[in-house]
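Chemist: My questions will all concern the structure given below.
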Amino acid sequence: MSVAALRGPGFPRPRRGGRDVARLAPHELFAVALQGLRTRRLRAALSALGIAIGIGAMVAVVGVSSSSQANLLATIDKLGTNLLTVTPGTTFFGANEVLPNTAVPMIKAMANVQRVSAVYSVPNANVFRTQFVPSEETGGIGVDATDTGLVKAMNSTVASGHFFTAASENEPTVVLGAAAAADLQISSATGHVQLFVGGTWFTVIGILNSMTLDTTLDDNVFIGLPVAERLFQVQPSPSEIYVRANVNDVSAVSNLLAPTADPQNADGVDVSQPSNVLEARAAAKGQFTTLLLGLGAVALLVGAIGIANIMVISVLERRGEIGLRRALGATRRHISSQFLAESALLAALGGIAGLIFGAIATWVYSIAQNEPWVVPVYALIAAPAAGLVIGAVAGLYPAAKAARLSPTEALRST
Amino acid sequence: MSAERGGVSAEPMSANGVALELRDVVKEYPGGVLALRHVDVDIETGDRVAVVGPSGSGKTTMLTILGTLERPSSGEVHVAGRDVVKASDSDLAGLRAYEIGFVFQGFHLQDGMTALDNVANGMLYTGAPVRERREAAQVALERVGLGERVTHRPQQLSGGEKQRVAIARAIAKHPTIILADEPTGNLDSKSGRAVLELLHELASEGATLALITHDEHIAETFPRRIQMRDGEIVGDERQ
């Protein structure tokens with residue numbers, strides 16, 4: 001029988017420059033690398049774990065901070081960025097300025113202003129459950145007079161009862177801020193609860209939810225301005241004015257507020273935007289993560305060293321296989337790319353596992369904190385990609401070592 | 001198709017009729033060990049040669065140089081008409097992928113794979129698609145009498161069967177040269193004889209066979225025997 005007769009079903013030979021060329025298609029390389037990992041599953045899983053922990057820690061850090069940022073931003077969105085506050089500033093010599101009585105009606109008359117509400121401090125009034133409580137035990141609760149529009153201006157809500165109406169603001173009635181209600185141990189506005197305010201009995205008609213845009217108000221109780229003027233001789237000079245501007249005209253309104261509030265002394269008026277403070281706080285939450293990301297990077301470095309270590313051991317153990325592959329027609333480059341692919345694939349799988357760990361950790365955190373669950377979209381790409389790159393770098397030395405191995409020596413080893 | 005392929009691969013050898021050629025080959029290993037000292041050998045296409053000698057005589061070194069797994073320190077080597085000394089790493093890899101089938105004493109089968117995939121993997125670096133490789137592997141396993149064992153893994157096979165899988169892996173791509181290094185060394189005498197007969201039978205279909213052994217009885221079954229000692233050829237006889 002001839003040589004040709006021996007040949008059964010054949011396959012075309014890729015040729016270059018008149019010579020047969022050994023080839024390994026990318027998908028075959030992938031299959032070889034996968035096979036290499038599958039035959040040593042436990043070892044592969046353990047060495048991928050290092051990368052998984054590192055990437056998982058980083059994803060969790062980024063996810064948790066994104067979740068709480070998202071929570072703050074959602075709060076800001078809900079409360080609106082169009083709230084402006086006007087307060088009396090301080091003089092050049094440090095004394096407090098006073099806003100004129102005309103400030104509120106002047107601002108109400110401005111274009112592009114939706115709502116205006118003001119609070120007026122009632123300086124000498126304190127709040128007690130009964131008249132028998134010693135007068136020093138004020139509990140730090142302040143008394144403010146206000147108008148009927150405060151809750152709407154703050155985008156807040158009433159937890160119990162109701163806020164002032166045109167009728168009740170003239171009567172000795174009181175509405176409690178969230179923290180003040182807790183301090184006074186009043187959880188409900190029903191049942192004619194009475195408080196002793198500045199020497200007069202007031203009926204509690206409402207309890208407010210927390211006012212996120214200005215939480216200092218939560219510590220106060222509110223009475224109607226007409227009552228305050230009548231009983232406590234409060235001057236209608238606002239201590240703080242809350243202004244809702246049209247969303248698209250916030251900065252224009254902001255610029256005009258000071259001269260409108262006090263045309264005589266615009267420099268004595270401070271104007272601010274509370275949502276800016278919250279946005280700054282959200283940004284600060286992002287800053288805090290840098291340190292934790294650094295810790296994740298250290299875990300990744302340790303994982304990478306672990307992979308390099310395992311791959312070096314693997315090369316030594318698999319000398320027989322390397323020799324066989326060379327005998328079967330693998331070039332040095334085929335051998336090095338096989339080990340490089342194994343290492344990269346291993347770490348990429350670790351990266352995917354880490355992404356899942358991190359996402360689960362973030363999910364648990366978000367449930368515990370009652371925050372939205374956010375894993376940044378870039379993490380879905382970055383986590384496996386980071387694993388791939390780390391694995392490829394960690395695999396460089398073992399791959400080069402495998403390629404340098406003499407096939408003869410490798411075949412003799414078993 | 002198969003006839004055309006046979007023609008292509010046979011071409012370089014038919015030019016001189018010599019499949020394997022060593023000219024004044026010296027192989028020195030680091031540390032000054034001379035494994036081959038000025039060796040000259042011609043092995044013709046289709047010939048069957050046993051290389052005999054005690055351990056350390058340089059016969060394995062000669063086989064690895066013939067198999068292009070190593071290059072000589074000096075001298076000329078031609079395999080299937082190609083100059084091994086001048087060829088690039090990838091040229092030699094191509095030569096091994098298509099022209100040379102190796103059979104080792106230690107089988108070198110991969111444990112995690114079936115017999116079929118072990119044989120199919122023998123053609124991995126030819127670039128042939130896996131379906132074609134499996135078809136060729138099936139044919140080769142049937143050829144060595146293991147048609148019923150294709151799904152078995154190496155640990156489920158006896159030593160003789162493992163070596164037959166390794167032989168199937170070597171012949172599945174229809175190499176023109178088969179190089180065997182003590183293929184019966186790890187086998188009992190009965191399965192050793194069977195493996196040897198199989199190799200003779202396959203080689204008689206047209207391939208060139210060079211086999212290394214330290215066993216004179218095995219060498220006697222070959223038409224040509226080369227005796228080696230201390231890195232030199234001390235005898236070359238034909239029946």
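Ordering of the structure tokens sets the chain letters (A, B, ...), residue numbers begin anew at 1 in every chain, and ligands are numbered from 1 in the order given.
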Pick out the residues sitting within 8 Å of range 253-265 of chain A, and hand them over as an MDAnalysis selection string; count only C-alpha atoms, and ignore anything fewer than 5 positions along from it in its own chain.

Modeler: chainID A and resid 84 86 99:100 102:104 106:107 112:113 245 270:272

Chemist: Would you list, as a count of residues only, the residues of range 19-221 of chain B that end up in alpha helix (DSSP H) under DSSP run on this structure's backbone?

Modeler: 72

Chemist: Residues of chain B within 7 Å of chain A, using only C-alpha atoms, as a PDB file with N, CA and C atoms, in the first residue's frame?

Modeler:
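Listing of part18.pdb after writing:
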ATOM      1  N   SER B   2      -7.668  13.045  -1.098  1.00  0.00           N
ATOM      2  CA  SER B   2      -6.636  12.364  -0.330  1.00  0.00           C
ATOM      3  C   SER B   2      -5.445  12.027  -1.228  1.00  0.00           C
ATOM      4  N   ALA B   3      -5.712  11.699  -2.474  1.00  0.00           N
ATOM      5  CA  ALA B   3      -4.621  11.371  -3.392  1.00  0.00           C
ATOM      6  C   ALA B   3      -3.756  12.604  -3.620  1.00  0.00           C
ATOM      7  N   GLY B   6      -1.646  13.223  -0.592  1.00  0.00           N
ATOM      8  CA  GLY B   6      -0.543  12.269  -0.551  1.00  0.00           C
ATOM      9  C   GLY B   6       0.574  12.726  -1.456  1.00  0.00           C
ATOM     10  N   THR B  64      15.226  12.550  19.100  1.00  0.00           N
ATOM     11  CA  THR B  64      14.651  13.892  19.261  1.00  0.00           C
ATOM     12  C   THR B  64      15.189  14.843  18.194  1.00  0.00           C
ATOM     13  N   LEU B  69      12.683  17.988  17.569  1.00  0.00           N
ATOM     14  CA  LEU B  69      12.404  18.581  18.876  1.00  0.00           C
ATOM     15  C   LEU B  69      13.654  19.288  19.404  1.00  0.00           C
ATOM     16  N   ASP B  89      11.447  28.008  14.058  1.00  0.00           N
ATOM     17  CA  ASP B  89      10.668  27.256  15.045  1.00  0.00           C
ATOM     18  C   ASP B  89       9.299  26.890  14.489  1.00  0.00           C
ATOM     19  N   SER B  90       8.658  27.837  13.791  1.00  0.00           N
ATOM     20  CA  SER B  90       7.299  27.547  13.312  1.00  0.00           C
ATOM     21  C   SER B  90       7.342  26.601  12.107  1.00  0.00           C
ATOM     22  N   ASP B  91       8.423  26.651  11.302  1.00  0.00           N
ATOM     23  CA  ASP B  91       8.555  25.678  10.201  1.00  0.00           C
ATOM     24  C   ASP B  91       8.677  24.259  10.749  1.00  0.00           C
ATOM     25  N   ALA B  93       7.670  23.267  13.671  1.00  0.00           N
ATOM     26  CA  ALA B  93       6.389  22.898  14.281  1.00  0.00           C
ATOM     27  C   ALA B  93       5.432  22.401  13.203  1.00  0.00           C
ATOM     28  N   GLY B  94       5.436  23.070  12.042  1.00  0.00           N
ATOM     29  CA  GLY B  94       4.592  22.644  10.929  1.00  0.00           C
ATOM     30  C   GLY B  94       4.972  21.241  10.456  1.00  0.00           C
ATOM     31  N   LEU B  95       6.286  21.013  10.403  1.00  0.00           N
ATOM     32  CA  LEU B  95       6.787  19.691  10.005  1.00  0.00           C
ATOM     33  C   LEU B  95       6.282  18.616  10.973  1.00  0.00           C
ATOM     34  N   ARG B  96       6.371  18.903  12.266  1.00  0.00           N
ATOM     35  CA  ARG B  96       5.919  17.931  13.275  1.00  0.00           C
ATOM     36  C   ARG B  96       4.404  17.753  13.212  1.00  0.00           C
ATOM     37  N   ALA B  97       3.696  18.851  12.934  1.00  0.00           N
ATOM     38  CA  ALA B  97       2.234  18.780  12.924  1.00  0.00           C
ATOM     39  C   ALA B  97       1.718  17.856  11.823  1.00  0.00           C
ATOM     40  N   PHE B 102       4.752  10.861  16.777  1.00  0.00           N
ATOM     41  CA  PHE B 102       5.588  10.355  17.871  1.00  0.00           C
ATOM     42  C   PHE B 102       4.817   9.332  18.705  1.00  0.00           C
ATOM     43  N   GLY B 106       6.061   6.613  27.750  1.00  0.00           N
ATOM     44  CA  GLY B 106       5.098   7.005  28.801  1.00  0.00           C
ATOM     45  C   GLY B 106       3.725   7.404  28.280  1.00  0.00           C
ATOM     46  N   HIS B 108       1.864   9.562  27.362  1.00  0.00           N
ATOM     47  CA  HIS B 108       1.517  10.986  27.337  1.00  0.00           C
ATOM     48  C   HIS B 108       0.101  11.234  26.835  1.00  0.00           C
ATOM     49  N   GLY B 112      -7.953  13.847  31.488  1.00  0.00           N
ATOM     50  CA  GLY B 112      -9.313  14.392  31.509  1.00  0.00           C
ATOM     51  C   GLY B 112     -10.086  14.158  30.216  1.00  0.00           C
ATOM     52  N   GLY B 122      -4.307  15.212  18.854  1.00  0.00           N
ATOM     53  CA  GLY B 122      -3.033  15.004  18.168  1.00  0.00           C
ATOM     54  C   GLY B 122      -2.946  15.795  16.877  1.00  0.00           C
ATOM     55  N   TYR B 125      -2.815  21.089  16.094  1.00  0.00           N
ATOM     56  CA  TYR B 125      -2.002  22.170  15.534  1.00  0.00           C
ATOM     57  C   TYR B 125      -1.948  22.147  14.007  1.00  0.00           C
ATOM     58  N   THR B 126      -2.754  21.237  13.398  1.00  0.00           N
ATOM     59  CA  THR B 126      -2.883  21.296  11.940  1.00  0.00           C
ATOM     60  C   THR B 126      -3.882  22.370  11.546  1.00  0.00           C
ATOM     61  N   GLY B 127      -4.635  22.862  12.521  1.00  0.00           N
ATOM     62  CA  GLY B 127      -5.644  23.876  12.214  1.00  0.00           C
ATOM     63  C   GLY B 127      -6.925  23.286  11.653  1.00  0.00           C
ATOM     64  N   ALA B 128      -7.029  21.946  11.627  1.00  0.00           N
ATOM     65  CA  ALA B 128      -8.250  21.329  11.108  1.00  0.00           C
ATOM     66  C   ALA B 128      -9.381  21.528  12.114  1.00  0.00           C
ATOM     67  N   ALA B 136     -11.266  11.782  11.784  1.00  0.00           N
ATOM     68  CA  ALA B 136      -9.993  11.112  11.525  1.00  0.00           C
ATOM     69  C   ALA B 136      -9.587  10.275  12.736  1.00  0.00           C
ATOM     70  N   HIS B 174      -1.864  10.827   9.386  1.00  0.00           N
ATOM     71  CA  HIS B 174      -1.153  10.213   8.264  1.00  0.00           C
ATOM     72  C   HIS B 174       0.222  10.823   8.069  1.00  0.00           C
ATOM     73  N   GLU B 205       2.417   0.175   5.455  1.00  0.00           N
ATOM     74  CA  GLU B 205       1.494   0.849   4.530  1.00  0.00           C
ATOM     75  C   GLU B 205       2.138   2.071   3.903  1.00  0.00           C
ATOM     76  N   GLY B 206       3.379   2.369   4.239  1.00  0.00           N
ATOM     77  CA  GLY B 206       4.070   3.428   3.507  1.00  0.00           C
ATOM     78  C   GLY B 206       4.877   4.396   4.326  1.00  0.00           C
ATOM     79  N   ALA B 207       4.654   4.457   5.649  1.00  0.00           N
ATOM     80  CA  ALA B 207       5.387   5.443   6.434  1.00  0.00           C
ATOM     81  C   ALA B 207       6.782   4.934   6.790  1.00  0.00           C
TER      82      ALA B 207
END

Chemist: Show me, as a ChimeraX atom specification, the residues that have an atom within 7 Å of Thr138 in chain A when counting only C-alpha atoms, minus same-chain residues fewer than 6 positions from it.

Modeler: /A:126-128

Chemist: What's around Leu141 in chain B at 9 Å? Count only C-alpha atoms, leave out sequence neighbours fewer than 3 positions away in its own chain, and write the answer as an mmCIF file with C-alpha atoms, in the first residue's frame.

Modeler:
data_model
loop_
_atom_site.group_PDB
_atom_site.id
_atom_site.type_symbol
_atom_site.label_atom_id
_atom_site.label_comp_id
_atom_site.auth_asym_id
_atom_site.auth_seq_id
_atom_site.Cartn_x
_atom_site.Cartn_y
_atom_site.Cartn_z
ATOM 1 C CA ALA B 115 -9.547 8.336 23.870
ATOM 2 C CA LEU B 116 -11.252 10.004 20.900
ATOM 3 C CA VAL B 119 -6.390 11.254 19.346
ATOM 4 C CA ALA B 136 -9.993 11.112 11.525
ATOM 5 C CA ALA B 137 -9.526 10.064 15.177
ATOM 6 C CA GLN B 138 -12.433 7.626 14.929
ATOM 7 C CA VAL B 144 -5.664 0.159 16.006
ATOM 8 C CA GLY B 145 -8.580 -2.010 17.160
ATOM 9 C CA LEU B 146 -10.077 0.373 19.727
ATOM 10 C CA GLY B 147 -13.245 1.276 17.840
ATOM 11 C CA GLU B 148 -15.266 0.210 20.897
ATOM 12 C CA ARG B 149 -13.173 2.223 23.347
ATOM 13 C CA VAL B 150 -13.455 5.728 21.916
ATOM 14 C CA ARG B 164 -2.606 1.842 21.053
ATOM 15 C CA VAL B 165 -4.447 5.121 21.662
ATOM 16 C CA ILE B 167 -0.294 5.095 18.262
ATOM 17 C CA ALA B 168 -3.686 6.104 16.878
ATOM 18 C CA ARG B 169 -2.830 9.686 17.828
ATOM 19 C CA ALA B 172 -4.378 9.741 12.592
#

Chemist: Point out the residue among A:Gly177, A:Val302, A:Gly294, A:Ser366 with the least atom-to-atom distance to Ala52 in chain A, counting only C-alpha atoms.

Modeler: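 So, comparing all the options, the nearest one is A:Val302.
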
Chemist: Enter the distance from CA of Gly268 in chain A to CA of Ala95 in chain A, in Å, rounded to one decimal.

Modeler: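 So the answer is 10.5 Å.
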
Chemist: What does the structure give for the distance between CA of Ala182 in chain A and CA of Val277 in chain A, in Å to one decimal?

Modeler: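 Computed distance, CA of Ala182 in chain A to CA of Val277 in chain A, equals 25.5 Å.
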
Chemist: Skip Glu21 in chain B itself and residues of its chain fewer than 4 positions away, then list as a PyMOL selection string all residues within 7 Å of it, counting only C-alpha atoms.

Modeler: chain B and resi 41-43+77-79

Chemist: Extract, using only C-alpha atoms, all DNA, RNA and protein residues at most 12 Å from Leu184 in chain A, discarding same-chain residues fewer than 4 positions from it, and format them as a ChimeraX atom specification.

Modeler: /A:127-130,137-141,176-180,188,193-196,204,207,219-221

Chemist: To one decimal place, how far is CA of Gln163 in chain B from CA of Ala402 in chain A in Å?

Modeler: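 Distance reported for this atom pair: 26.0 Å.
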
Chemist: Between B:Thr114, B:Val33, B:Gly101, B:Arg23, which is the closest to Gly56 in chain B once you count only C-alpha atoms?

Modeler: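 Ranked by minimum distance to Gly56 in chain B, first place goes to B:Val33.
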
Chemist: Would you please work out which residue, of A:Val98, A:Ser160, A:Thr173, A:Ala399, is nearest to Thr190 in chain A when using only C-alpha atoms?

Modeler: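 Looking only at the distances to Thr190 in chain A, the closest residue turns out to be A:Ser160.
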